$ cat start-v4.pdb   # PDB, C-alpha atoms and all ligand atoms
MODEL        1
ATOM      1  CA  MET A   1      67.206-121.079 -28.168  1.00  0.00           C
ATOM      2  CA  PHE A   2      66.571-117.821 -26.359  1.00  0.00           C
ATOM      3  CA  PRO A   3      67.180-117.561 -22.672  1.00  0.00           C
ATOM      4  CA  LEU A   4      63.834-117.861 -20.938  1.00  0.00           C
ATOM      5  CA  ILE A   5      64.139-114.522 -19.228  1.00  0.00           C
ATOM      6  CA  LEU A   6      60.692-113.424 -20.319  1.00  0.00           C
ATOM      7  CA  SER A   7      57.772-115.222 -18.791  1.00  0.00           C
ATOM      8  CA  THR A   8      55.894-117.128 -21.505  1.00  0.00           C
ATOM      9  CA  ASN A   9      52.441-116.013 -20.464  1.00  0.00           C
ATOM     10  CA  GLU A  10      52.776-112.249 -20.558  1.00  0.00           C
ATOM     11  CA  TRP A  11      49.310-110.824 -20.812  1.00  0.00           C
ATOM     12  CA  ILE A  12      48.529-108.297 -23.447  1.00  0.00           C
ATOM     13  CA  SER A  13      45.158-107.605 -24.924  1.00  0.00           C
ATOM     14  CA  MET A  14      45.146-109.300 -28.296  1.00  0.00           C
ATOM     15  CA  ASP A  15      41.411-108.597 -28.638  1.00  0.00           C
ATOM     16  CA  LYS A  16      42.315-105.301 -30.125  1.00  0.00           C
ATOM     17  CA  TRP A  17      45.233-106.453 -32.245  1.00  0.00           C
ATOM     18  CA  HIS A  18      45.153-109.778 -33.968  1.00  0.00           C
ATOM     19  CA  ASN A  19      48.324-109.002 -35.846  1.00  0.00           C
ATOM     20  CA  ILE A  20      51.554-107.561 -34.631  1.00  0.00           C
ATOM     21  CA  PHE A  21      53.770-106.632 -37.583  1.00  0.00           C
ATOM     22  CA  LEU A  22      57.471-106.038 -37.117  1.00  0.00           C
ATOM     23  CA  ILE A  23      59.029-103.774 -39.715  1.00  0.00           C
ATOM     24  CA  GLY A  24      62.530-102.393 -40.152  1.00  0.00           C
ATOM     25  CA  PHE A  25      65.760-102.715 -42.041  1.00  0.00           C
ATOM     26  CA  SER A  26      67.550-106.030 -42.619  1.00  0.00           C
ATOM     27  CA  GLY A  27      69.531-106.877 -39.520  1.00  0.00           C
ATOM     28  CA  SER A  28      67.333-104.862 -37.172  1.00  0.00           C
ATOM     29  CA  GLY A  29      66.259-108.055 -35.374  1.00  0.00           C
ATOM     30  CA  LYS A  30      62.701-108.613 -36.681  1.00  0.00           C
ATOM     31  CA  SER A  31      62.879-112.416 -36.888  1.00  0.00           C
ATOM     32  CA  THR A  32      64.696-112.913 -33.606  1.00  0.00           C
ATOM     33  CA  VAL A  33      62.524-110.480 -31.663  1.00  0.00           C
ATOM     34  CA  GLY A  34      59.384-111.658 -33.489  1.00  0.00           C
ATOM     35  CA  SER A  35      59.714-115.294 -32.515  1.00  0.00           C
ATOM     36  CA  LEU A  36      60.580-114.360 -28.949  1.00  0.00           C
ATOM     37  CA  LEU A  37      57.619-112.000 -28.716  1.00  0.00           C
ATOM     38  CA  ALA A  38      55.262-114.581 -30.236  1.00  0.00           C
ATOM     39  CA  ARG A  39      56.280-117.214 -27.694  1.00  0.00           C
ATOM     40  CA  THR A  40      55.826-114.730 -24.907  1.00  0.00           C
ATOM     41  CA  VAL A  41      52.286-113.710 -25.859  1.00  0.00           C
ATOM     42  CA  ARG A  42      51.377-117.188 -27.134  1.00  0.00           C
ATOM     43  CA  ALA A  43      50.862-116.116 -30.712  1.00  0.00           C
ATOM     44  CA  THR A  44      51.837-117.754 -33.990  1.00  0.00           C
ATOM     45  CA  PHE A  45      55.080-116.431 -35.441  1.00  0.00           C
ATOM     46  CA  LEU A  46      55.311-115.886 -39.187  1.00  0.00           C
ATOM     47  CA  ASP A  47      58.226-114.604 -41.211  1.00  0.00           C
ATOM     48  CA  SER A  48      57.266-113.276 -44.654  1.00  0.00           C
ATOM     49  CA  ASP A  49      60.647-114.100 -46.222  1.00  0.00           C
ATOM     50  CA  SER A  50      60.517-117.713 -44.978  1.00  0.00           C
ATOM     51  CA  LEU A  51      56.966-118.139 -46.290  1.00  0.00           C
ATOM     52  CA  ILE A  52      58.036-116.848 -49.705  1.00  0.00           C
ATOM     53  CA  GLU A  53      61.106-119.111 -49.753  1.00  0.00           C
ATOM     54  CA  GLU A  54      58.905-122.081 -48.884  1.00  0.00           C
ATOM     55  CA  CYS A  55      56.431-121.195 -51.587  1.00  0.00           C
ATOM     56  CA  PHE A  56      59.090-120.846 -54.315  1.00  0.00           C
ATOM     57  CA  GLY A  57      61.263-123.651 -52.993  1.00  0.00           C
ATOM     58  CA  LYS A  58      64.366-121.443 -53.204  1.00  0.00           C
ATOM     59  CA  SER A  59      66.236-118.761 -51.331  1.00  0.00           C
ATOM     60  CA  ILE A  60      65.381-115.029 -51.523  1.00  0.00           C
ATOM     61  CA  SER A  61      68.659-114.458 -53.406  1.00  0.00           C
ATOM     62  CA  ARG A  62      67.690-117.026 -56.037  1.00  0.00           C
ATOM     63  CA  ILE A  63      64.173-115.607 -56.314  1.00  0.00           C
ATOM     64  CA  PHE A  64      65.706-112.165 -56.972  1.00  0.00           C
ATOM     65  CA  SER A  65      68.207-113.440 -59.526  1.00  0.00           C
ATOM     66  CA  GLU A  66      65.982-115.978 -61.306  1.00  0.00           C
ATOM     67  CA  GLU A  67      62.496-114.427 -61.059  1.00  0.00           C
ATOM     68  CA  GLY A  68      63.320-110.759 -60.513  1.00  0.00           C
ATOM     69  CA  GLU A  69      62.513-108.311 -57.733  1.00  0.00           C
ATOM     70  CA  ASN A  70      58.988-107.594 -59.037  1.00  0.00           C
ATOM     71  CA  THR A  71      57.990-111.234 -58.648  1.00  0.00           C
ATOM     72  CA  PHE A  72      59.379-111.189 -55.131  1.00  0.00           C
ATOM     73  CA  ARG A  73      57.429-108.013 -54.271  1.00  0.00           C
ATOM     74  CA  GLU A  74      54.206-109.519 -55.636  1.00  0.00           C
ATOM     75  CA  ALA A  75      54.763-112.601 -53.503  1.00  0.00           C
ATOM     76  CA  GLU A  76      55.360-110.340 -50.511  1.00  0.00           C
ATOM     77  CA  SER A  77      51.991-108.628 -51.046  1.00  0.00           C
ATOM     78  CA  ASP A  78      50.284-112.014 -51.516  1.00  0.00           C
ATOM     79  CA  VAL A  79      51.725-113.253 -48.246  1.00  0.00           C
ATOM     80  CA  ILE A  80      50.432-110.202 -46.374  1.00  0.00           C
ATOM     81  CA  SER A  81      47.019-110.542 -47.958  1.00  0.00           C
ATOM     82  CA  GLU A  82      46.812-114.263 -47.131  1.00  0.00           C
ATOM     83  CA  VAL A  83      47.931-113.760 -43.572  1.00  0.00           C
ATOM     84  CA  MET A  84      45.036-111.333 -43.129  1.00  0.00           C
ATOM     85  CA  THR A  85      42.430-113.809 -44.353  1.00  0.00           C
ATOM     86  CA  VAL A  86      43.012-116.279 -41.513  1.00  0.00           C
ATOM     87  CA  ALA A  87      40.694-115.035 -38.806  1.00  0.00           C
ATOM     88  CA  ASN A  88      40.827-115.424 -35.045  1.00  0.00           C
ATOM     89  CA  THR A  89      44.482-116.184 -34.731  1.00  0.00           C
ATOM     90  CA  ARG A  90      47.020-114.122 -32.870  1.00  0.00           C
ATOM     91  CA  ARG A  91      50.012-113.551 -35.043  1.00  0.00           C
ATOM     92  CA  VAL A  92      53.363-111.877 -34.843  1.00  0.00           C
ATOM     93  CA  ILE A  93      54.639-111.286 -38.362  1.00  0.00           C
ATOM     94  CA  ALA A  94      58.188-110.268 -39.267  1.00  0.00           C
ATOM     95  CA  LEU A  95      58.157-108.517 -42.636  1.00  0.00           C
ATOM     96  CA  GLY A  96      61.045-108.232 -45.075  1.00  0.00           C
ATOM     97  CA  GLY A  97      62.769-104.850 -44.894  1.00  0.00           C
ATOM     98  CA  GLY A  98      61.101-103.475 -48.033  1.00  0.00           C
ATOM     99  CA  ALA A  99      57.546-104.733 -47.525  1.00  0.00           C
ATOM    100  CA  PHE A 100      56.218-101.652 -45.722  1.00  0.00           C
ATOM    101  CA  GLN A 101      57.367 -99.350 -48.526  1.00  0.00           C
ATOM    102  CA  THR A 102      54.475-100.331 -50.782  1.00  0.00           C
ATOM    103  CA  ARG A 103      51.358 -98.240 -50.205  1.00  0.00           C
ATOM    104  CA  GLY A 104      49.062-101.225 -50.915  1.00  0.00           C
ATOM    105  CA  ASN A 105      50.839-103.341 -48.299  1.00  0.00           C
ATOM    106  CA  ARG A 106      50.643-100.541 -45.742  1.00  0.00           C
ATOM    107  CA  GLN A 107      46.939-100.148 -46.377  1.00  0.00           C
ATOM    108  CA  MET A 108      46.276-103.883 -45.995  1.00  0.00           C
ATOM    109  CA  ILE A 109      48.190-103.881 -42.741  1.00  0.00           C
ATOM    110  CA  MET A 110      46.665-100.756 -41.277  1.00  0.00           C
ATOM    111  CA  ASP A 111      43.087-101.573 -42.365  1.00  0.00           C
ATOM    112  CA  HIS A 112      43.073-104.735 -40.289  1.00  0.00           C
ATOM    113  CA  ASP A 113      43.438-104.769 -36.536  1.00  0.00           C
ATOM    114  CA  SER A 114      47.173-104.594 -36.669  1.00  0.00           C
ATOM    115  CA  LEU A 115      49.807-103.111 -34.476  1.00  0.00           C
ATOM    116  CA  VAL A 116      52.926-102.072 -36.368  1.00  0.00           C
ATOM    117  CA  ILE A 117      56.252-101.995 -34.599  1.00  0.00           C
ATOM    118  CA  TYR A 118      59.352-100.471 -36.156  1.00  0.00           C
ATOM    119  CA  LEU A 119      62.668-101.900 -35.010  1.00  0.00           C
ATOM    120  CA  SER A 120      65.116 -99.106 -35.674  1.00  0.00           C
ATOM    121  CA  CYS A 121      68.891 -99.480 -35.652  1.00  0.00           C
ATOM    122  CA  SER A 122      71.855 -97.237 -36.395  1.00  0.00           C
ATOM    123  CA  VAL A 123      73.700 -97.563 -39.721  1.00  0.00           C
ATOM    124  CA  ARG A 124      76.885 -98.373 -37.842  1.00  0.00           C
ATOM    125  CA  GLU A 125      75.284-101.285 -35.972  1.00  0.00           C
ATOM    126  CA  LEU A 126      73.447-102.512 -39.080  1.00  0.00           C
ATOM    127  CA  TYR A 127      76.769-102.543 -40.878  1.00  0.00           C
ATOM    128  CA  ARG A 128      78.285-104.569 -38.041  1.00  0.00           C
ATOM    129  CA  ARG A 129      75.459-107.105 -38.146  1.00  0.00           C
ATOM    130  CA  LEU A 130      75.306-107.378 -41.944  1.00  0.00           C
ATOM    131  CA  THR A 131      78.968-107.201 -42.869  1.00  0.00           C
ATOM    132  CA  ASN A 132      79.413-110.918 -43.581  1.00  0.00           C
ATOM    133  CA  ASN A 133      75.966-111.462 -44.985  1.00  0.00           C
ATOM    134  CA  THR A 134      75.657-112.694 -48.553  1.00  0.00           C
ATOM    135  CA  ASP A 135      71.949-113.482 -48.869  1.00  0.00           C
ATOM    136  CA  ARG A 136      70.496-109.945 -49.001  1.00  0.00           C
ATOM    137  CA  PRO A 137      70.437-109.113 -52.729  1.00  0.00           C
ATOM    138  CA  LEU A 138      69.767-105.410 -52.213  1.00  0.00           C
ATOM    139  CA  LEU A 139      72.887-105.068 -50.085  1.00  0.00           C
ATOM    140  CA  GLN A 140      75.287-106.379 -52.708  1.00  0.00           C
ATOM    141  CA  ALA A 141      76.521-102.885 -53.568  1.00  0.00           C
ATOM    142  CA  ARG A 142      78.691-102.316 -56.614  1.00  0.00           C
ATOM    143  CA  LEU A 143      82.023-100.771 -55.661  1.00  0.00           C
ATOM    144  CA  ARG A 144      82.588 -97.191 -56.819  1.00  0.00           C
ATOM    145  CA  PRO A 145      86.130 -96.225 -57.904  1.00  0.00           C
ATOM    146  CA  GLY A 146      88.349 -95.977 -54.853  1.00  0.00           C
ATOM    147  CA  GLU A 147      85.663 -97.321 -52.531  1.00  0.00           C
ATOM    148  CA  SER A 148      86.302-100.210 -50.149  1.00  0.00           C
ATOM    149  CA  LYS A 149      83.794-103.047 -49.645  1.00  0.00           C
ATOM    150  CA  ARG A 150      83.089-101.670 -46.208  1.00  0.00           C
ATOM    151  CA  GLN A 151      82.349 -98.171 -47.549  1.00  0.00           C
ATOM    152  CA  ALA A 152      80.133 -99.570 -50.287  1.00  0.00           C
ATOM    153  CA  LEU A 153      78.034-101.559 -47.818  1.00  0.00           C
ATOM    154  CA  GLN A 154      77.746 -98.598 -45.438  1.00  0.00           C
ATOM    155  CA  ARG A 155      76.688 -96.346 -48.315  1.00  0.00           C
ATOM    156  CA  GLN A 156      74.118 -98.875 -49.481  1.00  0.00           C
ATOM    157  CA  ILE A 157      72.632 -99.272 -45.989  1.00  0.00           C
ATOM    158  CA  ALA A 158      72.519 -95.492 -45.430  1.00  0.00           C
ATOM    159  CA  THR A 159      70.927 -94.825 -48.840  1.00  0.00           C
ATOM    160  CA  LEU A 160      68.217 -97.443 -48.472  1.00  0.00           C
ATOM    161  CA  LEU A 161      67.512 -96.527 -44.868  1.00  0.00           C
ATOM    162  CA  ASN A 162      67.125 -92.824 -45.734  1.00  0.00           C
ATOM    163  CA  ARG A 163      64.725 -93.730 -48.497  1.00  0.00           C
ATOM    164  CA  ARG A 164      62.646 -95.874 -46.145  1.00  0.00           C
ATOM    165  CA  ARG A 165      62.673 -93.951 -42.879  1.00  0.00           C
ATOM    166  CA  LYS A 166      59.538 -91.956 -43.614  1.00  0.00           C
ATOM    167  CA  GLN A 167      57.433 -95.078 -44.105  1.00  0.00           C
ATOM    168  CA  TYR A 168      58.993 -96.902 -41.171  1.00  0.00           C
ATOM    169  CA  SER A 169      58.124 -93.957 -38.955  1.00  0.00           C
ATOM    170  CA  LEU A 170      54.402 -94.524 -39.591  1.00  0.00           C
ATOM    171  CA  ALA A 171      54.559 -97.444 -37.149  1.00  0.00           C
ATOM    172  CA  ASP A 172      52.536 -97.355 -33.928  1.00  0.00           C
ATOM    173  CA  ILE A 173      55.589 -98.111 -31.825  1.00  0.00           C
ATOM    174  CA  THR A 174      59.276 -97.509 -32.546  1.00  0.00           C
ATOM    175  CA  VAL A 175      61.975 -99.278 -30.599  1.00  0.00           C
ATOM    176  CA  SER A 176      65.694 -98.937 -31.063  1.00  0.00           C
ATOM    177  CA  THR A 177      67.515-102.260 -31.159  1.00  0.00           C
ATOM    178  CA  THR A 178      70.979-100.701 -31.458  1.00  0.00           C
ATOM    179  CA  ASN A 179      72.059-101.274 -27.881  1.00  0.00           C
ATOM    180  CA  ARG A 180      69.420-103.711 -26.712  1.00  0.00           C
ATOM    181  CA  SER A 181      69.322-107.500 -26.608  1.00  0.00           C
ATOM    182  CA  PRO A 182      66.303-109.273 -28.169  1.00  0.00           C
ATOM    183  CA  VAL A 183      64.921-109.898 -24.684  1.00  0.00           C
ATOM    184  CA  GLU A 184      65.220-106.198 -23.802  1.00  0.00           C
ATOM    185  CA  VAL A 185      63.565-105.215 -27.072  1.00  0.00           C
ATOM    186  CA  SER A 186      60.676-107.633 -26.420  1.00  0.00           C
ATOM    187  CA  ARG A 187      60.273-106.340 -22.895  1.00  0.00           C
ATOM    188  CA  PHE A 188      60.211-102.743 -24.193  1.00  0.00           C
ATOM    189  CA  ILE A 189      57.546-103.655 -26.782  1.00  0.00           C
ATOM    190  CA  LEU A 190      55.352-105.440 -24.229  1.00  0.00           C
ATOM    191  CA  ASN A 191      55.474-102.430 -21.924  1.00  0.00           C
ATOM    192  CA  LYS A 192      54.570-100.095 -24.781  1.00  0.00           C
ATOM    193  CA  ILE A 193      51.629-102.309 -25.760  1.00  0.00           C
ATOM    194  CA  LYS A 194      50.400-102.307 -22.171  1.00  0.00           C
ATOM    195  CA  GLU A 195      50.649 -98.501 -22.110  1.00  0.00           C
ATOM    196  CA  LEU A 196      48.608 -98.280 -25.324  1.00  0.00           C
ATOM    197  CA  ASP A 197      46.051-100.706 -23.840  1.00  0.00           C
ATOM    198  CA  ALA A 198      45.758 -98.658 -20.672  1.00  0.00           C
ATOM    199  CA  LYS A 199      45.318 -95.421 -22.632  1.00  0.00           C
ATOM    200  CA  SER A 200      42.614 -96.819 -24.874  1.00  0.00           C
ATOM    201  CA  SER A 201      40.596 -98.331 -22.018  1.00  0.00           C
ATOM    202  CA  ARG A 202      40.466 -95.063 -20.057  1.00  0.00           C
TER
HETATM  203  C1  LIG B   1      64.657-106.815 -48.363  1.00  0.00           C
HETATM  204  C2  LIG B   1      64.910-107.354 -47.151  1.00  0.00           C
HETATM  205  C3  LIG B   1      64.992-108.805 -46.914  1.00  0.00           C
HETATM  206  C4  LIG B   1      64.247-109.577 -47.997  1.00  0.00           C
HETATM  207  C5  LIG B   1      64.690-109.131 -49.338  1.00  0.00           C
HETATM  208  C6  LIG B   1      64.424-107.643 -49.583  1.00  0.00           C
HETATM  209  C7  LIG B   1      64.585-105.347 -48.520  1.00  0.00           C
HETATM  210  O1  LIG B   1      64.412-109.147 -45.658  1.00  0.00           O
HETATM  211  O2  LIG B   1      62.860-109.400 -47.873  1.00  0.00           O
HETATM  212  O3  LIG B   1      66.048-109.424 -49.464  1.00  0.00           O
HETATM  213  O4  LIG B   1      63.972-104.862 -49.478  1.00  0.00           O
HETATM  214  O5  LIG B   1      65.107-104.632 -47.639  1.00  0.00           O
HETATM  215  P1  LIG B   1      65.106-108.850 -44.235  1.00  0.00           P
HETATM  216  O6  LIG B   1      64.662-107.471 -43.833  1.00  0.00           O
HETATM  217  O7  LIG B   1      64.559-109.892 -43.345  1.00  0.00           O
HETATM  218  O8  LIG B   1      66.571-108.955 -44.448  1.00  0.00           O
ENDMDL
END

$ encode --input "start-v4.pdb" --output "structure tokens" --more "lines below"
Ligand code: S3P
Amino acid sequence: MFPLILSTNEWISMDKWHNIFLIGFSGSGKSTVGSLLARTVRATFLDSDSLIEECFGKSISRIFSEEGENTFREAESDVISEVMTVANTRRVIALGGGAFQTRGNRQMIMDHDSLVIYLSCSVRELYRRLTNNTDRPLLQARLRPGESKRQALQRQIATLLNRRRKQYSLADITVSTTNRSPVEVSRFILNKIKELDAKSSR
């Protein structure tokens, strides 16, 4: 459980945004911050990876190895599309780290009243958070000659992150999670949303 440092009835105008999407690299804190944020603004929290796992009845790693990445990516797009069809619900949705890279997914997200928040994080900190993780198939880097496991993981994180930065930076709000706790990140996001609200109602 999270410490109840945030009040659970923070007011933000969800008239404008029915969906708050959290995007960013694995380990950036999307699920942790997302569920905290959802409780705070009294919205439903959804995690695209968990929905896909539920639907297939197996872990993301097994979906990758048994069905292939393409099947996973199709499921990811289906989840986004289905989430959008449920009207009149406030939602905070944590997306898998690669979901925002697909143009079709970005369009679906941006065409609907969605606010997109990028949780950024340094490679060094991502490495620290992901170093013992075994269930992220895209981070199982093959060792190059003379390379340590640590170097291979750092290289893999840096390569993927560089490839994805441009799309991540299309978000409406960017928040660094490198040196912030989930509560601090949520607080930062709420303040930013209030600023956006104030600007648009002027
Ligand atoms: C992926 C990130 C994972 C998961 C899948 C693919 C990616 O989600 O969707 O392993 O492409 O970066 P998290 O960002 O929650 O780890």

$ closest_atom_pairs --input "start-v4.pdb" --of "chain A" --to "ligand LIG 1 (chain B)" --cutoff "10 Å" --atoms "only C-alpha atoms and all ligand atoms" --output "JSON lines"
{"residue": "A:Leu22", "atom": "CA", "partner": "B:LIG1", "partner_atom": "O6", "distance": 9.9}
{"residue": "A:Ile23", "atom": "CA", "partner": "B:LIG1", "partner_atom": "O6", "distance": 7.9}
{"residue": "A:Gly24", "atom": "CA", "partner": "B:LIG1", "partner_atom": "O6", "distance": 6.6}
{"residue": "A:Phe25", "atom": "CA", "partner": "B:LIG1", "partner_atom": "O6", "distance": 5.2}
{"residue": "A:Ser26", "atom": "CA", "partner": "B:LIG1", "partner_atom": "O6", "distance": 3.4}
{"residue": "A:Gly27", "atom": "CA", "partner": "B:LIG1", "partner_atom": "O8", "distance": 6.1}
{"residue": "A:Ser28", "atom": "CA", "partner": "B:LIG1", "partner_atom": "O6", "distance": 7.6}
{"residue": "A:Gly29", "atom": "CA", "partner": "B:LIG1", "partner_atom": "O7", "distance": 8.4}
{"residue": "A:Lys30", "atom": "CA", "partner": "B:LIG1", "partner_atom": "O7", "distance": 7.0}
{"residue": "A:Ser31", "atom": "CA", "partner": "B:LIG1", "partner_atom": "O7", "distance": 7.1}
{"residue": "A:Asp47", "atom": "CA", "partner": "B:LIG1", "partner_atom": "O7", "distance": 8.2}
{"residue": "A:Ser48", "atom": "CA", "partner": "B:LIG1", "partner_atom": "O2", "distance": 7.5}
{"residue": "A:Asp49", "atom": "CA", "partner": "B:LIG1", "partner_atom": "O2", "distance": 5.5}
{"residue": "A:Ser50", "atom": "CA", "partner": "B:LIG1", "partner_atom": "O7", "distance": 9.0}
{"residue": "A:Ile52", "atom": "CA", "partner": "B:LIG1", "partner_atom": "O2", "distance": 9.1}
{"residue": "A:Ser59", "atom": "CA", "partner": "B:LIG1", "partner_atom": "O3", "distance": 9.5}
{"residue": "A:Ile60", "atom": "CA", "partner": "B:LIG1", "partner_atom": "O3", "distance": 6.0}
{"residue": "A:Ser61", "atom": "CA", "partner": "B:LIG1", "partner_atom": "O3", "distance": 6.9}
{"residue": "A:Ile63", "atom": "CA", "partner": "B:LIG1", "partner_atom": "O3", "distance": 9.4}
{"residue": "A:Phe64", "atom": "CA", "partner": "B:LIG1", "partner_atom": "O3", "distance": 8.0}
{"residue": "A:Glu69", "atom": "CA", "partner": "B:LIG1", "partner_atom": "C6", "distance": 8.4}
{"residue": "A:Phe72", "atom": "CA", "partner": "B:LIG1", "partner_atom": "C5", "distance": 8.1}
{"residue": "A:Arg73", "atom": "CA", "partner": "B:LIG1", "partner_atom": "C6", "distance": 8.4}
{"residue": "A:Glu76", "atom": "CA", "partner": "B:LIG1", "partner_atom": "O2", "distance": 8.0}
{"residue": "A:Ala94", "atom": "CA", "partner": "B:LIG1", "partner_atom": "O7", "distance": 7.6}
{"residue": "A:Leu95", "atom": "CA", "partner": "B:LIG1", "partner_atom": "O7", "distance": 6.6}
{"residue": "A:Gly96", "atom": "CA", "partner": "B:LIG1", "partner_atom": "O2", "distance": 3.5}
{"residue": "A:Gly97", "atom": "CA", "partner": "B:LIG1", "partner_atom": "O6", "distance": 3.4}
{"residue": "A:Gly98", "atom": "CA", "partner": "B:LIG1", "partner_atom": "O4", "distance": 3.5}
{"residue": "A:Ala99", "atom": "CA", "partner": "B:LIG1", "partner_atom": "O4", "distance": 6.7}
{"residue": "A:Phe100", "atom": "CA", "partner": "B:LIG1", "partner_atom": "O4", "distance": 9.2}
{"residue": "A:Gln101", "atom": "CA", "partner": "B:LIG1", "partner_atom": "O4", "distance": 8.7}
{"residue": "A:Leu130", "atom": "CA", "partner": "B:LIG1", "partner_atom": "O8", "distance": 9.2}
{"residue": "A:Asn133", "atom": "CA", "partner": "B:LIG1", "partner_atom": "O8", "distance": 9.7}
{"residue": "A:Asp135", "atom": "CA", "partner": "B:LIG1", "partner_atom": "O3", "distance": 7.2}
{"residue": "A:Arg136", "atom": "CA", "partner": "B:LIG1", "partner_atom": "O3", "distance": 4.5}
{"residue": "A:Pro137", "atom": "CA", "partner": "B:LIG1", "partner_atom": "O3", "distance": 5.5}
{"residue": "A:Leu138", "atom": "CA", "partner": "B:LIG1", "partner_atom": "O3", "distance": 6.1}
{"residue": "A:Leu139", "atom": "CA", "partner": "B:LIG1", "partner_atom": "O3", "distance": 8.1}
{"residue": "A:Ile157", "atom": "CA", "partner": "B:LIG1", "partner_atom": "O5", "distance": 9.4}
{"residue": "A:Leu160", "atom": "CA", "partner": "B:LIG1", "partner_atom": "O5", "distance": 7.9}
{"residue": "A:Leu161", "atom": "CA", "partner": "B:LIG1", "partner_atom": "O5", "distance": 8.9}
{"residue": "A:Arg164", "atom": "CA", "partner": "B:LIG1", "partner_atom": "O5", "distance": 9.2}

$ residues_around --input "start-v4.pdb" --residues "Leu51 (chain A)" --least-positions-apart "4" --cutoff "10 Å" --atoms "all atoms listed in the file" --output "ChimeraX atom specification"
/A:46-47,55-57,75-76,79

$ resolve_selection --input "start-v4.pdb" --expression "the PyMOL selection byres (((chain A and resi 166-182) around 6) and not hetatm)" --output "number ranges by chain"
A: 33, 116-121, 164-165, 183-185

$ closest_residue --input "start-v4.pdb" --among "A:Trp17, A:Ala158, A:Arg62, A:Glu53" --to "Thr134 (chain A)" --atoms "all atoms listed in the file"
A:Arg62

$ resolve_selection --input "start-v4.pdb" --expression "the PyMOL selection byres (((chain A and resi 144-154) around 10) and not hetatm)" --output "ChimeraX atom specification"
/A:123-124,126-128,130-131,139-143,155-159

$ atom_distance --input "start-v4.pdb" --atom1 "CA of Met108 (chain A)" --atom2 "CA of Gly34 (chain A)"
19.7 Å

$ atom_distance --input "start-v4.pdb" --atom1 "CA of Leu36 (chain A)" --atom2 "CA of His18 (chain A)"
16.9 Å

$ atom_distance --input "start-v4.pdb" --atom1 "CA of Glu74 (chain A)" --atom2 "CA of Asn132 (chain A)"
28.0 Å

$ residues_around --input "start-v4.pdb" --residues "Val83 (chain A)" --least-positions-apart "6" --cutoff "10 Å" --atoms "only C-alpha atoms" --output "PyMOL selection string"
chain A and resi 19+46+48+77+89+91+93+109

$ axis_aligned_box --input "start-v4.pdb" --around "region 195-200 of chain A" --padding-each-side "4 Å" --output "JSON"
{"center_x": 46.6, "center_y": -98.1, "center_z": -23.0, "size_x": 16.0, "size_y": 13.3, "size_z": 12.7}

$ closest_residue --input "start-v4.pdb" --among "A:Thr44, A:Glu67, A:Arg129, A:Ile80" --to "Gln107 (chain A)" --atoms "all atoms listed in the file"
A:Ile80

$ closest_residue --input "start-v4.pdb" --among "A:Ser122, A:Ser81, A:Ser186, A:Val86" --to "Arg39 (chain A)" --atoms "all atoms listed in the file"
A:Ser186

$ closest_residue --input "start-v4.pdb" --among "A:Asn70, A:Ile20, A:Val92, A:Glu54" --to "Ala38 (chain A)" --atoms "only C-alpha atoms"
A:Val92

$ decode --input "start-v4.pdb" --residues "region 49-61 of chain A" --atoms "C-alpha atoms" --output "short mmCIF file (atom, residue, chain, number, x, y, z; two decimals), in the first residue's frame"
data_model
loop_
_atom_site.label_atom_id
_atom_site.label_comp_id
_atom_site.auth_asym_id
_atom_site.auth_seq_id
_atom_site.Cartn_x
_atom_site.Cartn_y
_atom_site.Cartn_z
CA ASP A 49 0.11 -5.21 -19.76
CA SER A 50 -2.12 -6.68 -17.02
CA LEU A 51 -5.17 -6.56 -19.29
CA ILE A 52 -3.25 -8.40 -22.02
CA GLU A 53 -1.96 -11.00 -19.55
CA GLU A 54 -5.50 -11.56 -18.31
CA CYS A 55 -6.81 -11.91 -21.83
CA PHE A 56 -4.16 -14.46 -22.87
CA GLY A 57 -4.03 -16.18 -19.50
CA LYS A 58 -0.22 -16.00 -19.47
CA SER A 59 2.63 -13.67 -18.68
CA ILE A 60 4.00 -11.07 -21.14
CA SER A 61 7.21 -13.13 -21.41
#
